[in-house]
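Asker: One structure, pasted below without further comment.
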Amino acid sequence: QVQLVESGGGLVQPGGSLRLSCAASGTLFRINTMGWYRQAPGKQRELVATITGSRGTNYAESVKGRFTISRDNAKNTVYLQMNSLKPEDTAVYYCNAWGIGHDYWGQGTQVTVSS
């Protein structure tokens, strides 16, 4: 089992920045890829960014150039630095940990971008 705890969400004005953190614990050796997904009201959950064990990254087109995903393997933590935030970035952000046959989710953290 893997436990994921997100933090860092909140209310920010358009153009502002936030950094989300996801601390992982448990049986981590089966996990290769960590990622962030988001779900806005009335919409399906969507990929934001992923990072593999070798630090290969993948981003949704809508966040490229604004968001940066990173991981600290010593701390078992993955981060999402979000800059130039827009109102359409408002959503609940979920941390994900994936390995073959294993798929875990955090409880989510709310990000609201509003003036």
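Labeling convention for the structure tokens: chains A, B, ... as they appear, residues from 1 per chain, ligands from 1 in order of appearance.
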Determine, counting only C-alpha atoms, which protein, DNA and RNA residues have an atom within 8 Å of an atom of A:Gly26; residues of the same chain fewer than 3 positions away are not included. Present the result as JSON, numbers by chain.
Answerer: {"A": [1, 2, 3]}
Asker: With all heavy atoms retained, export the selected residues as an mmCIF file, in the first residue's frame.
Answerer:
```cif
data_model
loop_
_atom_site.group_PDB
_atom_site.id
_atom_site.type_symbol
_atom_site.label_atom_id
_atom_site.label_comp_id
_atom_site.auth_asym_id
_atom_site.auth_seq_id
_atom_site.Cartn_x
_atom_site.Cartn_y
_atom_site.Cartn_z
ATOM 1 N N GLN A 1 0.836 -1.201 0.000
ATOM 2 C CA GLN A 1 0.000 0.000 0.000
ATOM 3 C C GLN A 1 0.870 1.249 0.000
ATOM 4 O O GLN A 1 1.972 1.267 0.534
ATOM 5 C CB GLN A 1 -0.907 0.028 1.234
ATOM 6 C CG GLN A 1 -2.048 -0.956 1.177
ATOM 7 C CD GLN A 1 -3.105 -0.575 0.148
ATOM 8 O OE1 GLN A 1 -3.280 0.594 -0.159
ATOM 9 N NE2 GLN A 1 -3.775 -1.568 -0.399
ATOM 10 N N VAL A 2 0.346 2.280 -0.624
ATOM 11 C CA VAL A 2 1.027 3.574 -0.680
ATOM 12 C C VAL A 2 0.045 4.639 -0.207
ATOM 13 O O VAL A 2 -1.124 4.636 -0.603
ATOM 14 C CB VAL A 2 1.492 3.886 -2.111
ATOM 15 C CG1 VAL A 2 1.990 5.321 -2.232
ATOM 16 C CG2 VAL A 2 2.576 2.902 -2.546
ATOM 17 N N GLN A 3 0.524 5.537 0.633
ATOM 18 C CA GLN A 3 -0.283 6.665 1.083
ATOM 19 C C GLN A 3 0.292 7.951 0.501
ATOM 20 O O GLN A 3 1.515 8.151 0.489
ATOM 21 C CB GLN A 3 -0.283 6.756 2.606
ATOM 22 C CG GLN A 3 -0.969 5.585 3.304
ATOM 23 C CD GLN A 3 -0.099 4.333 3.331
ATOM 24 O OE1 GLN A 3 1.082 4.394 3.603
ATOM 25 N NE2 GLN A 3 -0.691 3.174 3.026
#
```
Asker: Quick one: residues within 10 Å of A:Asn76, only C-alpha atoms counted, chain neighbours fewer than 4 positions away excluded, as a short mmCIF file (atom, residue, chain, number, x, y, z; two decimals) with N, CA and C atoms, in the first residue's frame?
Answerer:
```
data_model
loop_
_atom_site.label_atom_id
_atom_site.label_comp_id
_atom_site.auth_asym_id
_atom_site.auth_seq_id
_atom_site.Cartn_x
_atom_site.Cartn_y
_atom_site.Cartn_z
N LEU A 4 -0.61 8.81 0.05
CA LEU A 4 -0.21 10.07 -0.57
C LEU A 4 -0.93 11.21 0.16
N CYS A 22 3.38 16.61 -2.52
CA CYS A 22 2.75 15.31 -2.29
C CYS A 22 3.78 14.42 -1.64
N ALA A 23 3.53 14.08 -0.38
CA ALA A 23 4.42 13.20 0.37
C ALA A 23 3.91 11.77 0.28
N ALA A 24 4.78 10.87 -0.16
CA ALA A 24 4.41 9.46 -0.32
C ALA A 24 5.04 8.62 0.78
N SER A 25 4.30 7.62 1.22
CA SER A 25 4.82 6.69 2.21
C SER A 25 4.25 5.30 1.92
N GLY A 26 4.91 4.29 2.52
CA GLY A 26 4.44 2.93 2.31
C GLY A 26 5.39 2.14 1.41
N LEU A 28 6.96 1.74 -1.60
CA LEU A 28 7.21 2.62 -2.74
C LEU A 28 8.04 1.99 -3.84
N ARG A 71 10.64 15.98 -8.38
CA ARG A 71 10.55 14.99 -7.30
C ARG A 71 11.85 14.96 -6.53
N ASP A 72 11.72 14.71 -5.24
CA ASP A 72 12.85 14.53 -4.34
C ASP A 72 12.75 13.11 -3.82
#
```
Asker: Near A:Ser84, within 8 Å and counting only C-alpha atoms, which residues show up once chain neighbours fewer than 5 positions away are dropped, as number ranges by chain?
Answerer: A: 14-17, 66
Asker: Of the residues A:Leu85, A:Ala91, A:Ile31, A:Val113, which is the one nearest to A:Gln44, using only C-alpha atoms?
Answerer: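 Of A:Leu85, A:Ala91, A:Ile31, A:Val113, the one nearest A:Gln44 is A:Ala91, counting only C-alpha atoms.
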Asker: Give the strand (DSSP E) residues of stretch 48-94 of chain A, as assigned by DSSP on the backbone, as a ChimeraX atom specification.
Answerer: /A:48-51,57-59,67-72,77-82,91-94
Asker: Counting only C-alpha atoms, which residue out of A:Thr109, A:Thr68, A:Ser54, A:Asn83 sits closest to A:Cys95?
Answerer: A:Thr109
Asker: Which residue gives the smallest distance to A:Thr57 among A:Gln13, A:Gln39, A:Thr77, A:Thr33, with only C-alpha atoms counted?
Answerer: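 Ranked by minimum distance to A:Thr57, first place goes to A:Thr33.
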Asker: Which of these, A:Ala97, A:Met82, A:Val48, A:Val111, has the shortest distance to A:Arg19 once you count only C-alpha atoms?
Answerer: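 Residue with the minimum atom-to-atom distance to A:Arg19: A:Met82.
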Asker: Do a neighbour search on A:Gly9 at 9 Å with only C-alpha atoms, toss out local chain neighbours closer than 2 positions, and write the hits as a ChimeraX atom specification.
Answerer: /A:6-7,11,18-21,92-93,109-112
Asker: Check the smallest atom-to-atom distance from each of A:Thr50, A:Gln107, A:Ser114, A:Asn73 to A:Asp89 using only C-alpha atoms, then report the winner.
Answerer: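 When distances to A:Asp89 are compared using only C-alpha atoms, the smallest one comes from A:Ser114.
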Asker: What is the atom CA of A:Met34-atom CA of A:Ile51 distance in Å, reported with one decimal?
Answerer: 5.5 Å
Asker: My list of candidates is A:Thr27, A:Thr90, A:Ser115, A:Gln81. Which is closest to A:Lys64 when distances are computed with only C-alpha atoms?
Answerer: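 Of the candidates, the smallest distance to A:Lys64 is held by A:Gln81.
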Asker: Quote the spacing between atom CA of A:Phe29 and atom CA of A:Ile69 in Å to one decimal place.
Answerer: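 Distance between the two atoms: 20.3 Å.
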